[in-house]
>>> print(open('input.json').read())   # JSON, C-alpha atoms
[["chain", "number", "residue", "atom", "x", "y", "z"],
["A", 1, "MET", "CA", -38.34, -18.92, 23.93],
["A", 2, "LEU", "CA", -40.87, -16.29, 22.88],
["A", 3, "GLN", "CA", -44.15, -17.60, 21.70],
["A", 4, "SER", "CA", -46.19, -15.83, 19.06],
["A", 5, "PRO", "CA", -49.74, -15.05, 20.10],
["A", 6, "VAL", "CA", -52.41, -17.16, 18.39],
["A", 7, "PRO", "CA", -54.52, -14.90, 16.16],
["A", 8, "SER", "CA", -58.25, -14.94, 16.66],
["A", 9, "PRO", "CA", -60.36, -15.44, 13.52],
["A", 10, "TYR", "CA", -61.28, -11.75, 13.69],
["A", 11, "ASP", "CA", -57.75, -10.43, 14.20],
["A", 12, "GLN", "CA", -56.99, -8.79, 10.88],
["A", 13, "GLY", "CA", -54.58, -6.18, 9.71],
["A", 14, "VAL", "CA", -51.31, -5.11, 11.16],
["A", 15, "THR", "CA", -51.02, -5.65, 14.87],
["A", 16, "THR", "CA", -48.07, -5.45, 17.17],
["A", 17, "GLU", "CA", -46.52, -8.01, 19.40],
["A", 18, "ASP", "CA", -45.04, -6.33, 22.46],
["A", 19, "LEU", "CA", -41.87, -8.13, 23.42],
["A", 20, "SER", "CA", -41.19, -5.98, 26.49],
["A", 21, "GLY", "CA", -44.36, -6.86, 28.40],
["A", 22, "GLU", "CA", -45.20, -3.17, 28.91],
["A", 23, "THR", "CA", -48.13, -1.37, 27.33],
["A", 24, "PRO", "CA", -47.14, 1.90, 25.61],
["A", 25, "GLU", "CA", -49.04, 4.99, 26.70],
["A", 26, "HIS", "CA", -49.34, 6.39, 23.15],
["A", 27, "PRO", "CA", -49.59, 4.59, 19.78],
["A", 28, "GLN", "CA", -46.50, 6.52, 18.58],
["A", 29, "ASP", "CA", -44.53, 4.78, 21.35],
["A", 30, "LEU", "CA", -45.08, 1.33, 19.83],
["A", 31, "ALA", "CA", -41.89, 1.60, 17.78],
["A", 32, "ARG", "CA", -39.89, 2.49, 20.87],
["A", 33, "ALA", "CA", -41.51, -0.26, 22.98],
["A", 34, "GLY", "CA", -39.74, -3.10, 21.15],
["A", 35, "SER", "CA", -42.85, -4.11, 19.21],
["A", 36, "SER", "CA", -42.63, -5.86, 15.91],
["A", 37, "PRO", "CA", -45.36, -5.87, 13.26],
["A", 38, "VAL", "CA", -47.43, -9.00, 12.83],
["A", 39, "PHE", "CA", -49.22, -9.09, 9.48],
["A", 40, "ARG", "CA", -52.40, -11.07, 9.08],
["A", 41, "SER", "CA", -54.63, -11.27, 6.04],
["A", 42, "LEU", "CA", -57.36, -13.47, 4.65],
["A", 43, "ALA", "CA", -55.24, -13.66, 1.48],
["A", 44, "LEU", "CA", -52.33, -15.20, 3.39],
["A", 45, "ASP", "CA", -54.68, -17.45, 5.39],
["A", 46, "SER", "CA", -55.89, -18.87, 2.07],
["A", 47, "ILE", "CA", -52.43, -19.16, 0.45],
["A", 48, "PRO", "CA", -50.03, -19.39, 3.41],
["A", 49, "VAL", "CA", -46.98, -20.21, 1.26],
["A", 50, "PRO", "CA", -47.35, -18.06, -1.87],
["A", 51, "ASP", "CA", -45.03, -17.90, -4.86],
["A", 52, "TYR", "CA", -45.60, -14.14, -4.84],
["A", 53, "ALA", "CA", -46.94, -11.83, -2.13],
["A", 54, "ASP", "CA", -47.04, -8.13, -1.47],
["A", 55, "VAL", "CA", -48.66, -5.76, 0.97],
["A", 56, "ILE", "CA", -49.36, -2.19, -0.07],
["A", 57, "VAL", "CA", -50.61, 0.38, 2.41],
["A", 58, "VAL", "CA", -51.74, 3.92, 1.66],
["A", 59, "PRO", "CA", -52.97, 6.59, 4.06],
["A", 60, "VAL", "CA", -56.51, 7.74, 3.33],
["A", 61, "PRO", "CA", -57.95, 11.19, 4.11],
["A", 62, "ALA", "CA", -60.85, 11.43, 6.56],
["A", 63, "GLY", "CA", -64.42, 11.06, 5.41],
["A", 64, "ARG", "CA", -64.19, 7.69, 3.64],
["A", 65, "PRO", "CA", -66.45, 4.69, 4.38],
["A", 66, "SER", "CA", -65.15, 1.94, 6.65],
["A", 67, "ASP", "CA", -66.83, -1.04, 4.95],
["A", 68, "PRO", "CA", -64.11, -3.22, 3.36],
["A", 69, "ARG", "CA", -66.57, -4.54, 0.76],
["A", 70, "ILE", "CA", -67.10, -1.00, -0.53],
["A", 71, "TRP", "CA", -63.33, -0.50, -0.70],
["A", 72, "ALA", "CA", -62.79, -3.77, -2.59],
["A", 73, "GLU", "CA", -65.62, -3.12, -5.04],
["A", 74, "THR", "CA", -64.44, 0.43, -5.67],
["A", 75, "LEU", "CA", -60.81, -0.61, -6.00],
["A", 76, "PHE", "CA", -61.62, -3.13, -8.75],
["A", 77, "SER", "CA", -64.31, -1.10, -10.52],
["A", 78, "PRO", "CA", -63.46, -0.01, -14.08],
["A", 79, "GLN", "CA", -64.10, 3.61, -13.01],
["A", 80, "SER", "CA", -61.27, 3.41, -10.45],
["A", 81, "MET", "CA", -58.71, 2.04, -12.86],
["A", 82, "PRO", "CA", -56.34, 4.57, -14.40],
["A", 83, "ALA", "CA", -56.41, 4.54, -18.21],
["A", 84, "TRP", "CA", -52.98, 2.89, -18.41],
["A", 85, "VAL", "CA", -54.17, 0.05, -16.14],
["A", 86, "THR", "CA", -57.29, -0.42, -18.29],
["A", 87, "ALA", "CA", -55.00, -0.60, -21.35],
["A", 88, "LEU", "CA", -52.82, -3.24, -19.65],
["A", 89, "MET", "CA", -55.90, -5.29, -18.77],
["A", 90, "GLY", "CA", -57.02, -5.11, -22.41],
["A", 91, "LEU", "CA", -53.57, -6.20, -23.57],
["A", 92, "ARG", "CA", -53.72, -9.10, -21.10],
["A", 93, "GLN", "CA", -57.07, -10.19, -22.51],
["A", 94, "ALA", "CA", -55.69, -10.08, -26.06],
["A", 95, "LEU", "CA", -52.46, -11.99, -25.35],
["A", 96, "VAL", "CA", -53.21, -14.72, -22.81],
["A", 97, "GLY", "CA", -54.94, -16.97, -25.30],
["A", 98, "LEU", "CA", -51.66, -17.30, -27.18],
["A", 99, "VAL", "CA", -50.20, -19.38, -24.32],
["A", 100, "GLY", "CA", -53.36, -21.30, -23.48],
["A", 101, "ILE", "CA", -54.58, -19.19, -20.56],
["A", 102, "ASN", "CA", -58.27, -18.37, -20.19],
["A", 103, "ARG", "CA", -59.39, -14.80, -20.71],
["A", 104, "ALA", "CA", -60.73, -13.19, -17.53],
["A", 105, "ARG", "CA", -64.46, -13.63, -17.14],
["A", 106, "ALA", "CA", -66.81, -10.83, -16.12],
["A", 107, "GLY", "CA", -66.93, -10.48, -12.34],
["A", 108, "VAL", "CA", -63.54, -12.14, -11.83],
["A", 109, "PHE", "CA", -62.70, -9.63, -9.08],
["A", 110, "ASP", "CA", -66.00, -9.91, -7.18],
["A", 111, "VAL", "CA", -65.76, -10.06, -3.39],
["A", 112, "ALA", "CA", -65.84, -13.67, -2.16],
["A", 113, "GLY", "CA", -66.38, -12.73, 1.49],
["A", 114, "VAL", "CA", -65.78, -10.27, 4.30],
["A", 115, "ARG", "CA", -64.40, -10.95, 7.75],
["A", 116, "GLY", "CA", -63.72, -8.16, 10.20],
["A", 117, "GLU", "CA", -62.11, -5.22, 8.45],
["A", 118, "GLU", "CA", -61.05, -7.19, 5.36],
["A", 119, "ALA", "CA", -62.75, -8.26, 2.13],
["A", 120, "LEU", "CA", -61.33, -11.18, 0.16],
["A", 121, "ILE", "CA", -61.22, -11.59, -3.60],
["A", 122, "SER", "CA", -60.44, -15.17, -4.59],
["A", 123, "VAL", "CA", -59.69, -16.45, -8.10],
["A", 124, "ASP", "CA", -58.51, -19.94, -9.03],
["A", 125, "ASP", "CA", -57.51, -20.56, -12.63],
["A", 126, "THR", "CA", -55.49, -23.12, -14.59],
["A", 127, "HIS", "CA", -52.30, -21.01, -14.43],
["A", 128, "LEU", "CA", -52.50, -19.49, -10.92],
["A", 129, "ASP", "CA", -54.51, -19.02, -7.75],
["A", 130, "PHE", "CA", -54.96, -15.37, -6.72],
["A", 131, "ARG", "CA", -56.06, -13.94, -3.39],
["A", 132, "CYS", "CA", -56.45, -10.26, -2.62],
["A", 133, "GLY", "CA", -57.32, -9.01, 0.84],
["A", 134, "VAL", "CA", -58.62, -5.44, 0.90],
["A", 135, "ALA", "CA", -58.67, -4.03, 4.43],
["A", 136, "TYR", "CA", -59.49, -0.62, 5.81],
["A", 137, "ASP", "CA", -58.37, 0.45, 9.27],
["A", 138, "ALA", "CA", -60.77, 3.30, 10.05],
["A", 139, "GLY", "CA", -58.91, 4.34, 13.21],
["A", 140, "ALA", "CA", -55.56, 4.76, 11.47],
["A", 141, "ARG", "CA", -57.21, 5.67, 8.13],
["A", 142, "LEU", "CA", -55.06, 3.15, 6.28],
["A", 143, "LEU", "CA", -56.08, 1.14, 3.23],
["A", 144, "ARG", "CA", -54.16, -2.13, 2.92],
["A", 145, "VAL", "CA", -54.14, -4.51, -0.04],
["A", 146, "THR", "CA", -52.49, -7.89, 0.49],
["A", 147, "THR", "CA", -51.90, -10.06, -2.56],
["A", 148, "ALA", "CA", -50.94, -13.74, -2.49],
["A", 149, "VAL", "CA", -50.39, -15.80, -5.65],
["A", 150, "ARG", "CA", -49.71, -19.49, -6.17],
["A", 151, "LEU", "CA", -48.34, -20.22, -9.65],
["A", 152, "LYS", "CA", -49.27, -23.36, -11.56],
["A", 153, "GLY", "CA", -46.88, -24.75, -14.16],
["A", 154, "TRP", "CA", -44.92, -23.03, -16.88],
["A", 155, "ARG", "CA", -47.92, -21.01, -18.07],
["A", 156, "GLY", "CA", -48.32, -19.44, -14.67],
["A", 157, "ARG", "CA", -44.63, -18.59, -14.41],
["A", 158, "LEU", "CA", -44.58, -17.15, -17.95],
["A", 159, "TYR", "CA", -47.74, -15.13, -17.38],
["A", 160, "PHE", "CA", -46.65, -13.79, -14.03],
["A", 161, "ALA", "CA", -43.11, -12.70, -15.01],
["A", 162, "PRO", "CA", -44.19, -9.28, -16.38],
["A", 163, "VAL", "CA", -47.10, -9.02, -13.92],
["A", 164, "ARG", "CA", -44.67, -9.34, -11.00],
["A", 165, "LEU", "CA", -42.87, -6.16, -12.12],
["A", 166, "LEU", "CA", -45.98, -4.05, -12.65],
["A", 167, "HIS", "CA", -48.25, -5.35, -9.89],
["A", 168, "PRO", "CA", -47.19, -2.97, -7.08],
["A", 169, "LEU", "CA", -47.51, 0.08, -9.37],
["A", 170, "VAL", "CA", -50.91, -1.03, -10.64],
["A", 171, "VAL", "CA", -52.29, -1.74, -7.16],
["A", 172, "HIS", "CA", -50.96, 1.49, -5.66],
["A", 173, "SER", "CA", -52.49, 3.60, -8.44],
["A", 174, "MET", "CA", -55.82, 1.78, -8.11],
["A", 175, "MET", "CA", -55.80, 2.38, -4.33],
["A", 176, "VAL", "CA", -55.19, 6.11, -4.76],
["A", 177, "ARG", "CA", -57.98, 6.33, -7.37],
["A", 178, "ALA", "CA", -60.39, 4.37, -5.15],
["A", 179, "ALA", "CA", -59.73, 6.73, -2.22],
["A", 180, "ALA", "CA", -60.44, 9.73, -4.46],
["A", 181, "ARG", "CA", -63.62, 8.15, -5.86],
["A", 182, "LEU", "CA", -64.98, 7.32, -2.43],
["A", 183, "HIS", "CA", -64.72, 10.98, -1.44],
["A", 184, "GLU", "CA", -66.63, 12.24, -4.46],
["A", 185, "PRO", "CA", -70.18, 13.40, -3.70],
["A", 186, "ARG", "CA", -72.80, 10.79, -4.50],
["A", 187, "ALA", "CA", -75.55, 11.67, -7.00]]
>>> encode(input="input.json", output="structure tokens")
Amino acid sequence: MLQSPVPSPYDQGVTTEDLSGETPEHPQDLARAGSSPVFRSLALDSIPVPDYADVIVVPVPAGRPSDPRIWAETLFSPQSMPAWVTALMGLRQALVGLVGINRARAGVFDVAGVRGEEALISVDDTHLDFRCGVAYDAGARLLRVTTAVRLKGWRGRLYFAPVRLLHPLVVHSMMVRAAARLHEPRA
């Protein structure tokens, strides 16, 4: 029986588990070496059995910072949100009170902590618990956002039904905008 390696507390991101026992000479050979991806995230550490989860990865051009806190803060800044996402957030704020859900407070998406190459955003509310791990792999120049959600009661399920459909599109567009913003010259 194959045994999965035990992750260290600092082992974040996408790693590979080599089932052949041989070390590939080049990173491109990992796929041919019988390796399978092993995903780890602070978001999934916090909510190991989510009702909803997704992982979105985008390649990032060279010249971006490697600090995951900067990526998380930029990703969730109002300046990085496309206009249609800002409009959806405004609609959310206007409608959630109708079903007894709290409106989002200022700073709801602040970084709760950073470990290794990943920053964690953590929000617990009456209708759901939300975790978002924002990781940047500087070597591969990949930005990864892992979302894990635990729903609470009928309000959580009702609220999350339309969110589930739009979430990947929203996150992807925010990631692309954040990558563009982090390349802009600073004043």
>>> axis_aligned_box(input="input.json", around="stretch 50-55 of chain A", padding_each_side="8 Å", output="lines of an AutoDock Vina configuration file")
center_x = -46.8
center_y = -11.9
center_z = -1.9
size_x = 19.6
size_y = 28.3
size_z = 21.8
>>> residues_around(input="input.json", residues="A:Ser41", least_positions_apart="3", cutoff="10 Å", atoms="all atoms listed in the file", output="PyMOL selection string")
chain A and resi 11-14+44-48+55+115+117-120+131-135+144-148
>>> closest_residue(input="input.json", among="A:His183, A:Arg177, A:Arg69, A:Arg164", to="A:Ile121", atoms="only C-alpha atoms")
A:Arg69
>>> closest_residue(input="input.json", among="A:Leu42, A:Leu128, A:Leu142, A:Val57", to="A:Ile101", atoms="only C-alpha atoms")
A:Leu128
>>> closest_residue(input="input.json", among="A:Arg64, A:Arg40, A:Leu151, A:Leu91", to="A:Gly116", atoms="all atoms listed in the file")
A:Arg40
>>> atom_distance(input="input.json", atom1="atom CA of A:Trp84", atom2="atom CA of A:Met174")
10.7 Å
